[in-house]
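**Q** Contents of target_13.txt (compact mmCIF, C-alpha atoms) are below:
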```
# COMPACT_ATOMS: atom_id res chain seq x y z
CA MET A 1 0.00 0.00 0.00
CA SER A 2 1.30 3.45 -0.86
CA LYS A 3 2.27 5.78 1.95
CA VAL A 4 1.38 9.39 2.69
CA TRP A 5 4.30 11.63 3.66
CA PHE A 6 4.50 15.02 5.35
CA VAL A 7 7.90 16.62 4.74
CA THR A 8 9.11 19.99 5.99
CA GLY A 9 11.81 21.91 4.15
CA SER A 10 10.93 20.30 0.82
CA SER A 11 12.24 22.94 -1.57
CA LYS A 12 15.87 21.79 -1.73
CA GLY A 13 18.59 19.66 -0.20
CA PHE A 14 17.69 16.57 1.78
CA GLY A 15 13.98 17.39 1.85
CA ARG A 16 13.67 17.48 -1.90
CA GLU A 17 15.46 14.14 -2.21
CA PHE A 18 12.97 12.60 0.24
CA VAL A 19 9.97 14.04 -1.59
CA ILE A 20 11.13 12.87 -5.01
CA ALA A 21 11.91 9.36 -3.73
CA ALA A 22 8.40 9.05 -2.30
CA LEU A 23 6.67 10.42 -5.38
CA GLU A 24 8.72 8.34 -7.79
CA ARG A 25 7.49 5.13 -6.26
CA GLY A 26 3.85 6.23 -6.22
CA ASP A 27 3.44 7.57 -2.70
CA LYS A 28 1.67 10.83 -1.88
CA VAL A 29 3.43 13.79 -0.27
CA ALA A 30 2.40 16.93 1.57
CA ALA A 31 5.49 19.00 0.82
CA THR A 32 6.05 22.18 2.81
CA ALA A 33 8.27 25.13 2.01
CA ARG A 34 8.49 28.78 2.93
CA ASN A 35 7.92 29.58 -0.75
CA THR A 36 5.70 27.07 -2.56
CA ASP A 37 6.85 28.39 -5.95
CA THR A 38 9.90 26.19 -5.41
CA LEU A 39 7.58 23.17 -5.58
CA ASN A 40 5.86 24.07 -8.87
CA ASP A 41 7.94 21.66 -10.92
CA LEU A 42 6.95 18.80 -8.63
CA VAL A 43 3.25 19.67 -8.96
CA GLU A 44 3.59 19.81 -12.74
CA LYS A 45 5.25 16.40 -12.86
CA TYR A 46 3.35 14.50 -10.17
CA GLY A 47 -0.01 16.28 -10.11
CA ASP A 48 -2.36 15.56 -7.22
CA ALA A 49 0.14 13.18 -5.63
CA VAL A 50 1.92 16.21 -4.17
CA LEU A 51 0.23 18.81 -1.97
CA PRO A 52 2.33 21.99 -1.74
CA LEU A 53 1.93 23.81 1.56
CA GLN A 54 3.42 27.16 2.52
CA LEU A 55 4.90 26.82 5.98
CA ASP A 56 7.28 28.41 8.43
CA VAL A 57 7.72 25.77 11.13
CA THR A 58 8.26 28.44 13.80
CA ASP A 59 4.58 29.42 13.46
CA ARG A 60 2.78 26.86 15.62
CA ASP A 61 -0.74 27.71 14.43
CA LYS A 62 0.28 27.38 10.78
CA VAL A 63 1.97 24.07 11.49
CA PHE A 64 -1.23 22.63 12.94
CA ALA A 65 -3.22 24.04 10.01
CA ALA A 66 -0.81 22.50 7.49
CA VAL A 67 -0.96 19.10 9.17
CA LYS A 68 -4.77 19.26 9.19
CA SER A 69 -4.80 20.20 5.51
CA ALA A 70 -2.54 17.26 4.65
CA HIS A 71 -4.68 14.85 6.67
CA ASP A 72 -7.93 16.20 5.22
CA THR A 73 -6.54 15.86 1.69
CA PHE A 74 -5.01 12.39 1.89
CA GLY A 75 -6.96 10.80 4.75
CA ARG A 76 -3.93 9.63 6.72
CA LEU A 77 -0.28 10.30 7.50
CA ASP A 78 2.28 7.52 7.42
CA VAL A 79 5.69 9.20 7.29
CA VAL A 80 6.47 12.55 8.88
CA ILE A 81 9.93 13.99 8.17
CA ASN A 82 11.08 16.98 10.18
CA ASN A 83 13.74 18.26 7.82
CA ALA A 84 13.46 22.06 7.97
CA GLY A 85 16.47 23.68 9.58
CA TYR A 86 19.60 25.72 9.04
CA GLY A 87 23.13 26.20 10.38
CA LEU A 88 24.35 28.89 12.76
CA PHE A 89 28.08 29.60 12.58
CA GLY A 90 30.08 31.41 15.23
CA THR A 91 31.79 30.78 18.55
CA VAL A 92 29.72 30.86 21.72
CA GLU A 93 31.11 34.32 22.46
CA GLU A 94 30.32 35.61 18.97
CA ILE A 95 26.73 34.50 18.45
CA THR A 96 24.00 36.78 19.74
CA GLU A 97 21.20 35.75 22.05
CA GLN A 98 18.68 36.39 19.28
CA GLN A 99 20.63 34.25 16.83
CA LEU A 100 20.59 31.38 19.30
CA ARG A 101 16.89 31.82 20.01
CA ASP A 102 16.13 31.87 16.28
CA GLN A 103 18.20 28.71 15.82
CA LEU A 104 16.27 26.91 18.54
CA ASP A 105 12.95 28.22 17.21
CA THR A 106 13.53 26.51 13.86
CA ASN A 107 15.67 23.47 14.59
CA LEU A 108 14.03 22.47 17.89
CA PHE A 109 10.69 24.17 18.38
CA GLY A 110 9.77 23.76 14.70
CA VAL A 111 10.19 20.01 15.12
CA PHE A 112 8.30 20.16 18.41
CA HIS A 113 5.36 21.91 16.72
CA VAL A 114 5.12 19.39 13.89
CA THR A 115 5.52 16.43 16.23
CA GLN A 116 2.75 17.60 18.53
CA ALA A 117 0.51 18.33 15.55
CA VAL A 118 0.84 14.85 14.01
CA LEU A 119 0.83 12.71 17.15
CA PRO A 120 -2.97 12.66 17.71
CA ILE A 121 -3.42 11.48 14.12
CA LEU A 122 -0.75 8.80 14.35
CA ARG A 123 -2.00 7.56 17.73
CA GLU A 124 -5.56 7.24 16.40
CA GLN A 125 -4.28 5.34 13.36
CA GLY A 126 -2.14 3.11 15.54
CA SER A 127 0.70 3.57 13.08
CA GLY A 128 3.10 6.05 11.56
CA HIS A 129 6.77 6.93 11.46
CA ILE A 130 8.27 10.21 12.67
CA ILE A 131 11.73 10.90 11.25
CA GLN A 132 13.82 13.71 12.68
CA ILE A 133 16.70 14.94 10.55
CA SER A 134 19.51 15.42 13.01
CA THR A 135 23.23 15.28 12.19
CA ILE A 136 26.50 13.77 13.36
CA GLY A 137 26.57 17.13 15.16
CA GLY A 138 23.75 15.79 17.31
CA ILE A 139 26.17 13.50 19.14
CA ALA A 140 29.45 15.28 18.43
CA ALA A 141 30.49 18.92 18.75
CA PHE A 142 32.96 21.06 16.86
CA PRO A 143 34.22 24.63 17.38
CA THR A 144 32.18 27.53 15.94
CA LEU A 145 28.97 25.48 15.85
CA GLY A 146 27.86 25.62 19.48
CA GLY A 147 24.47 27.16 18.76
CA TYR A 148 23.71 24.63 16.05
CA HIS A 149 24.84 21.75 18.26
CA ALA A 150 22.63 23.05 21.07
CA SER A 151 19.60 22.72 18.81
CA LYS A 152 20.50 19.24 17.59
CA TRP A 153 21.60 17.80 20.93
CA ALA A 154 18.29 18.98 22.36
CA LEU A 155 16.49 17.38 19.42
CA GLU A 156 18.24 14.07 20.09
CA GLY A 157 17.16 14.01 23.74
CA LEU A 158 13.60 15.06 22.93
CA THR A 159 13.36 12.38 20.28
CA GLU A 160 14.78 9.54 22.33
CA SER A 161 12.18 10.22 25.01
CA LEU A 162 9.48 10.50 22.34
CA ALA A 163 10.37 7.10 20.89
CA GLN A 164 9.80 5.45 24.25
CA GLU A 165 6.57 7.34 24.88
CA VAL A 166 4.83 6.44 21.61
CA ALA A 167 6.08 2.92 20.96
CA GLY A 168 2.99 1.50 22.66
CA PHE A 169 0.78 3.30 20.13
CA GLY A 170 2.47 1.65 17.15
CA VAL A 171 4.34 4.83 16.19
CA LYS A 172 7.97 4.50 15.07
CA VAL A 173 10.59 7.21 15.62
CA THR A 174 13.98 7.59 13.93
CA LEU A 175 16.82 10.08 14.11
CA VAL A 176 18.70 10.38 10.82
CA GLU A 177 22.24 11.62 11.47
CA PRO A 178 23.96 12.71 8.23
CA GLY A 179 27.56 13.75 7.84
CA GLY A 180 28.65 16.65 5.66
CA PHE A 181 26.90 16.92 2.30
CA ASP A 182 26.73 19.46 -0.49
CA THR A 183 23.58 21.41 0.42
CA ASP A 184 23.05 25.08 1.21
CA TRP A 185 22.99 24.32 4.96
CA SER A 186 26.38 26.02 5.31
CA SER A 187 25.93 28.60 2.55
CA ALA A 188 22.72 30.32 1.42
CA SER A 189 20.61 29.15 4.36
CA ALA A 190 23.26 29.70 7.01
CA VAL A 191 23.50 32.48 9.57
CA VAL A 192 27.03 33.64 10.37
CA ALA A 193 27.80 35.64 13.50
CA ASP A 194 30.07 38.66 13.38
CA ALA A 195 33.59 37.36 13.89
CA GLN A 196 35.86 38.63 16.64
CA PRO A 197 39.57 38.97 15.88
CA GLN A 198 40.51 36.86 18.89
CA TYR A 199 39.04 33.82 17.13
CA ALA A 200 40.57 34.47 13.70
CA SER A 201 42.97 31.52 13.86
CA LEU A 202 40.19 29.19 14.97
CA HIS A 203 37.95 30.28 12.11
CA ASP A 204 40.83 29.80 9.67
CA ALA A 205 41.43 26.30 10.99
CA MET A 206 37.75 25.37 10.74
CA ASN A 207 37.50 26.77 7.21
CA SER A 208 40.50 24.66 6.22
CA ARG A 209 38.90 21.55 7.70
CA THR A 210 35.70 22.03 5.74
CA ALA A 211 37.28 23.18 2.49
CA GLY A 212 36.94 21.01 -0.57
CA PRO A 213 34.04 19.29 -2.27
CA GLN A 214 31.33 17.56 -0.25
CA PRO A 215 29.35 14.59 -1.55
CA LYS A 216 25.91 15.33 -2.95
CA PRO A 217 22.95 13.61 -1.24
CA VAL A 218 22.19 11.53 -4.32
CA GLY A 219 21.56 8.38 -2.30
CA PHE A 220 19.31 9.96 0.31
CA GLY A 221 16.16 8.95 -1.52
CA SER A 222 16.89 5.23 -1.64
CA ALA A 223 18.31 5.32 1.89
CA ILE A 224 15.21 6.92 3.40
CA LEU A 225 12.98 4.36 1.70
CA LYS A 226 14.94 1.58 3.41
CA VAL A 227 14.29 3.27 6.75
CA VAL A 228 10.57 3.92 6.29
CA ASP A 229 9.94 0.42 4.92
CA ALA A 230 11.82 -1.38 7.70
CA GLU A 231 9.64 -3.57 9.89
CA LYS A 232 11.86 -2.67 12.86
CA ALA A 233 13.02 0.90 12.29
CA PRO A 234 16.25 2.14 13.89
CA LEU A 235 16.17 4.82 16.56
CA ARG A 236 19.36 6.24 15.04
CA VAL A 237 20.90 5.77 11.62
CA PHE A 238 23.89 7.47 9.99
CA PHE A 239 23.65 8.79 6.44
CA GLY A 240 27.09 8.92 4.86
CA GLU A 241 30.45 7.42 5.80
CA GLN A 242 31.78 10.35 7.82
CA PRO A 243 29.65 9.65 10.92
CA THR A 244 30.70 5.99 10.94
CA GLN A 245 34.29 7.20 11.34
CA VAL A 246 33.67 10.04 13.79
CA ALA A 247 31.22 8.42 16.22
CA PRO A 248 33.35 5.45 17.40
CA ARG A 249 36.28 7.74 18.18
CA ILE A 250 34.07 10.10 20.16
CA TYR A 251 32.50 7.36 22.25
CA GLN A 252 35.86 5.71 22.91
CA GLN A 253 37.18 9.03 24.22
CA ARG A 254 34.13 9.50 26.42
CA LEU A 255 34.32 6.01 27.88
CA ALA A 256 38.03 6.40 28.59
CA GLU A 257 37.54 9.73 30.35
CA TRP A 258 34.63 8.45 32.43
CA ALA A 259 36.74 5.46 33.46
CA GLU A 260 39.69 7.68 34.36
CA TRP A 261 37.51 9.81 36.60
CA ALA A 262 35.53 6.93 38.13
CA PRO A 263 37.12 7.48 41.58
CA VAL A 264 35.74 11.02 41.62
CA SER A 265 32.34 9.67 40.57
CA ARG A 266 32.37 7.35 43.59
CA GLU A 267 33.63 10.13 45.84
CA ALA A 268 30.55 12.17 44.93
CA GLU A 269 28.52 9.49 46.71
CA GLY A 270 30.78 9.66 49.77
CA LYS A 271 32.59 6.42 48.93
```
I need this file expressed as structure tokens, please.

**A**
Amino acid sequence: MSKVWFVTGSSKGFGREFVIAALERGDKVAATARNTDTLNDLVEKYGDAVLPLQLDVTDRDKVFAAVKSAHDTFGRLDVVINNAGYGLFGTVEEITEQQLRDQLDTNLFGVFHVTQAVLPILREQGSGHIIQISTIGGIAAFPTLGGYHASKWALEGLTESLAQEVAGFGVKVTLVEPGGFDTDWSSASAVVADAQPQYASLHDAMNSRTAGPQPKPVGFGSAILKVVDAEKAPLRVFFGEQPTQVAPRIYQQRLAEWAEWAPVSREAEGK
């Protein structure tokens, strides 16, 4: 049976890959974007199978209205992908309070709004799959991305609790954690804080680390179909090879440090 998808941030990047993969195999998609003109080509090609919806995920009322419109149009929701988001670049000292609040509004509260809007529908159905697009930066942290990491680490914790809360209703939950890919996450869509000269060498080092071509997300469509069609969906799954190299090293370092400081851990209990 074909599935009905609700995908935020559908105009480009990962979101567009997800939408096209679903439509190509005959599924139906409620595709949201800030500017629905970016979805016109999809409507022309796939017709009524795609429902374009204008949406800013930071507007809670509009999120609930968009979810209702999708449900009224297609009769159900099977796959919900929270993909809308952007990057905030700058050291913790450089970013402004408003920049951090805006980052959290989109990357965390936007997901929160969509998740709360779809849950009553999925619970009543007794089925559905919520997919949160996180990042390797949801379990790792790098300099000049503290605000972005704050949003994604919070998303990871929120989602892991969510997965346990809704499992009894037949609702699946997955965190997709991509590595670096060639999207406009770090270019056109990004917000960059005003740099301070004290951090010039750090910014230069980070720019050198990220210089060079990034892979395009050409396999995201087939990969996401494997996830949504899995009988037992993963709570976490990496997209790309980079996370498979970074994550083991990070966890080994954490385990080693916790072990080294175990005597202090016991001392905290008076032992």

**Q** With distances taken over all atoms listed in the file, which residue among A:Arg249, A:Arg25, A:Lys172, A:Arg60 lies nearest Ala233 in chain A?

**A** A:Lys172

**Q** I'd like the neighbourhood of Ile95 in chain A as a VMD selection string, where a residue qualifies if any of its atoms comes within 12 Å (using all atoms listed in the file), though same-chain residues fewer than 4 positions away should be ignored.

**A** chain A and resid 88 to 91 99 to 103 144 to 148 191 to 196

**Q** Pick out the residues sitting within 7 Å of range 118-134 of chain A, and hand them over as number ranges by chain; count only C-alpha atoms, and ignore anything fewer than 5 positions along from it in its own chain.

**A** A: 67, 77-83, 152, 169-177

**Q** Please identify all polymer residues within 12 Å of range 250-263 of chain A, counting all atoms listed in the file, omitting same-chain residues fewer than 3 positions from it, and present them as a list in words.

**A**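 Close residues of range 250-263 of chain A: Ile136, Gly137, Ile139, Ala140, Ala141, Phe142, Pro243, Thr244, Gln245, Val246, Ala247, Arg266, Glu267, Ala268, Glu269, Gly270 and Lys271 of chain A.
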
**Q** Interatomic distance between CA of Glu93 in chain A and CA of Asp204 in chain A?

**A** 16.7 Å

**Q** So that I can check the surroundings of Gly13 in chain A, please list as a PyMOL selection string every protein, DNA and RNA residue that reaches within 12 Å of it, counting all atoms listed in the file and ignoring chain neighbours fewer than 5 positions away.

**A** chain A and resi 8+18-20+33+83-86+133+181-189+215-221

**Q** Within 12 Å of (-0.1, 19.9, 8.8), all atoms listed in the file: residues as an MDAnalysis selection string?

**A** chainID A and resid 5:8 29:33 51:57 59:74 76:77 80:82 113:121

**Q** What is the distance between CA of Gly180 in chain A and CA of Ala154 in chain A, in Å to one decimal?

**A** 19.8 Å

**Q** What separation in Å, quoted to one decimal, exists between CA of Ala205 in chain A and CA of His149 in chain A?

**A** 18.7 Å

**Q** From the list A:Pro197, A:Thr106, A:Val228, A:Ser10, which residue is nearest Arg34 in chain A when using only C-alpha atoms?

**A** A:Ser10

**Q** Using only C-alpha atoms, find the one residue out of A:Ser222, A:Gln242, A:Gln98, A:Ser11 that sits nearest to Asp37 in chain A.

**A**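 Checking each candidate against Asp37 in chain A, we get A:Ser11 as the closest.
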